[in-house]
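Dropping coords-v1.pdb in here (PDB, C-alpha atoms):
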```
ATOM      1  CA  MET A   1       0.472  18.124   8.776  1.00  0.00           C
ATOM      2  CA  THR A   2       2.442  18.363   5.533  1.00  0.00           C
ATOM      3  CA  LYS A   3       2.088  21.155   2.984  1.00  0.00           C
ATOM      4  CA  ASN A   4       0.339  18.775   0.575  1.00  0.00           C
ATOM      5  CA  GLU A   5      -2.111  17.637   3.236  1.00  0.00           C
ATOM      6  CA  ASP A   6      -2.915  21.285   3.954  1.00  0.00           C
ATOM      7  CA  ARG A   7      -3.538  21.881   0.247  1.00  0.00           C
ATOM      8  CA  ILE A   8      -5.792  18.844  -0.097  1.00  0.00           C
ATOM      9  CA  ASN A   9      -7.762  19.802   3.027  1.00  0.00           C
ATOM     10  CA  LYS A  10      -8.264  23.338   1.708  1.00  0.00           C
ATOM     11  CA  LEU A  11      -9.415  22.041  -1.679  1.00  0.00           C
ATOM     12  CA  PHE A  12     -11.680  19.502   0.028  1.00  0.00           C
ATOM     13  CA  LYS A  13     -13.418  22.265   2.008  1.00  0.00           C
ATOM     14  CA  GLU A  14     -13.831  24.375  -1.141  1.00  0.00           C
ATOM     15  CA  LEU A  15     -14.905  21.729  -3.650  1.00  0.00           C
ATOM     16  CA  VAL A  16     -16.534  18.786  -1.868  1.00  0.00           C
ATOM     17  CA  PRO A  17     -20.052  19.126  -0.424  1.00  0.00           C
ATOM     18  CA  GLU A  18     -20.943  17.530   2.899  1.00  0.00           C
ATOM     19  CA  THR A  19     -23.366  15.206   1.119  1.00  0.00           C
ATOM     20  CA  GLY A  20     -23.867  14.098  -2.461  1.00  0.00           C
ATOM     21  CA  LYS A  21     -21.729  14.482  -5.546  1.00  0.00           C
ATOM     22  CA  ALA A  22     -19.401  17.399  -6.107  1.00  0.00           C
ATOM     23  CA  ASP A  23     -20.423  19.916  -8.765  1.00  0.00           C
ATOM     24  CA  SER A  24     -17.131  19.501 -10.602  1.00  0.00           C
ATOM     25  CA  LEU A  25     -14.685  16.826 -11.666  1.00  0.00           C
ATOM     26  CA  ALA A  26     -12.091  18.616  -9.525  1.00  0.00           C
ATOM     27  CA  GLY A  27     -14.255  18.061  -6.439  1.00  0.00           C
ATOM     28  CA  GLU A  28     -14.628  14.363  -7.191  1.00  0.00           C
ATOM     29  CA  LEU A  29     -10.880  14.053  -7.808  1.00  0.00           C
ATOM     30  CA  VAL A  30     -10.131  15.674  -4.456  1.00  0.00           C
ATOM     31  CA  ARG A  31     -12.644  13.369  -2.739  1.00  0.00           C
ATOM     32  CA  ALA A  32     -11.074  10.263  -4.332  1.00  0.00           C
ATOM     33  CA  MET A  33      -7.519  11.409  -3.529  1.00  0.00           C
ATOM     34  CA  SER A  34      -8.537  11.942   0.086  1.00  0.00           C
ATOM     35  CA  ARG A  35     -10.026   8.457   0.319  1.00  0.00           C
ATOM     36  CA  ILE A  36      -6.947   6.855  -1.233  1.00  0.00           C
ATOM     37  CA  GLY A  37      -4.675   8.784   1.138  1.00  0.00           C
ATOM     38  CA  TYR A  38      -6.814   7.838   4.121  1.00  0.00           C
ATOM     39  CA  ARG A  39      -6.718   4.142   3.202  1.00  0.00           C
ATOM     40  CA  PHE A  40      -2.951   4.249   2.731  1.00  0.00           C
ATOM     41  CA  TYR A  41      -2.079   6.081   5.963  1.00  0.00           C
ATOM     42  CA  ASN A  42      -4.671   4.412   8.190  1.00  0.00           C
ATOM     43  CA  ASP A  43      -4.891   0.898   6.777  1.00  0.00           C
ATOM     44  CA  GLY A  44      -1.761   0.491   4.662  1.00  0.00           C
ATOM     45  CA  ASP A  45      -3.796  -0.151   1.500  1.00  0.00           C
ATOM     46  CA  GLN A  46      -2.038   0.547  -1.788  1.00  0.00           C
ATOM     47  CA  LEU A  47      -3.557   0.967  -5.217  1.00  0.00           C
ATOM     48  CA  GLY A  48      -3.729  -2.466  -6.848  1.00  0.00           C
ATOM     49  CA  ILE A  49      -1.634  -4.298  -4.222  1.00  0.00           C
ATOM     50  CA  GLY A  50      -2.947  -6.895  -1.747  1.00  0.00           C
ATOM     51  CA  TYR A  51      -6.127  -5.812   0.036  1.00  0.00           C
ATOM     52  CA  GLY A  52      -5.801  -2.476  -1.763  1.00  0.00           C
ATOM     53  CA  LYS A  53      -7.028  -4.268  -4.896  1.00  0.00           C
ATOM     54  CA  GLU A  54     -10.436  -4.388  -3.220  1.00  0.00           C
ATOM     55  CA  THR A  55     -10.365  -1.010  -1.491  1.00  0.00           C
ATOM     56  CA  ALA A  56      -8.061   1.644  -2.925  1.00  0.00           C
ATOM     57  CA  THR A  57      -8.288   0.405  -6.509  1.00  0.00           C
ATOM     58  CA  LEU A  58     -12.010   1.156  -6.551  1.00  0.00           C
ATOM     59  CA  GLN A  59     -11.238   4.855  -6.054  1.00  0.00           C
ATOM     60  CA  GLY A  60      -8.414   4.782  -8.568  1.00  0.00           C
ATOM     61  CA  GLY A  61     -10.687   3.178 -11.146  1.00  0.00           C
ATOM     62  CA  SER A  62     -13.310   5.802 -10.467  1.00  0.00           C
ATOM     63  CA  LEU A  63     -10.754   8.530 -11.129  1.00  0.00           C
ATOM     64  CA  GLU A  64      -9.669   6.899 -14.363  1.00  0.00           C
ATOM     65  CA  SER A  65     -13.184   6.353 -15.700  1.00  0.00           C
ATOM     66  CA  ARG A  66     -14.313   9.893 -14.866  1.00  0.00           C
ATOM     67  CA  ALA A  67     -11.235  11.415 -16.461  1.00  0.00           C
ATOM     68  CA  THR A  68     -11.706   9.300 -19.597  1.00  0.00           C
ATOM     69  CA  THR A  69     -15.386  10.204 -19.834  1.00  0.00           C
ATOM     70  CA  LYS A  70     -14.674  13.931 -19.448  1.00  0.00           C
ATOM     71  CA  SER A  71     -11.839  13.926 -21.979  1.00  0.00           C
ATOM     72  CA  GLN A  72     -14.040  12.230 -24.586  1.00  0.00           C
ATOM     73  CA  SER A  73     -16.830  14.807 -24.177  1.00  0.00           C
TER      74      SER A  73
END
```
Target format structure tokens, applied to this file:
Amino acid sequence: MTKNEDRINKLFKELVPETGKADSLAGELVRAMSRIGYRFYNDGDQLGIGYGKETATLQGGSLESRATTKSQS
């Protein structure tokens, strides 16, 4: 496992609940990053490219909309 994967896994355990939404934007960001990474390494999906337009892009869009909403608050 790489150093970055270790970091993400540690953050995931700290910030993401087993069920339901995370209490913080950071938790949701970690959850989305994990899903994008999983899709890339296991299925070859890439954000906005090919089949990734239907799979990985959904998570990327979620990240963007949440970040925009939070920054406007």
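Distance annotation: of A:Ala22, A:Leu15, A:Met1, A:Ile8, the residue with the minimal separation from A:Ser34 is A:Ile8; atom set is all atoms listed in the file.
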Between A:Glu14, A:Gly44, A:Glu5, A:Arg39, which residue has the minimum interatomic distance to A:Gly27, considering all atoms listed in the file?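 Counting all atoms listed in the file, the residue closest to A:Gly27 is A:Glu14.
Taking atom CA of A:Phe12 and atom CA of A:Met33 as endpoints, the distance between them is 9.8 Å.
In terms of minimum interatomic distance to A:Pro17, A:Arg31 ranks closest within A:Ile36, A:Asn4, A:Arg31, A:Tyr41, counting all atoms listed in the file.
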Taken to one decimal, the atom CA of A:Leu29-atom CA of A:Asn9 distance is 12.7 Å
Between atom CA of A:Glu18 and atom CA of A:Val30, what is the spacing in Å?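 One can read the atom CA of A:Val30 to atom CA of A:Glu18 distance as 13.2 Å.
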Around all the atoms of stretch 2-17 of chain A listed in the file, with 6 Å of room on each side, what axis-aligned box do you get, giving centre and edge lengths in Å to one decimal, as JSON?
```
{"center_x": -8.8, "center_y": 21.0, "center_z": 0.9, "size_x": 34.5, "size_y": 18.7, "size_z": 21.2}
```
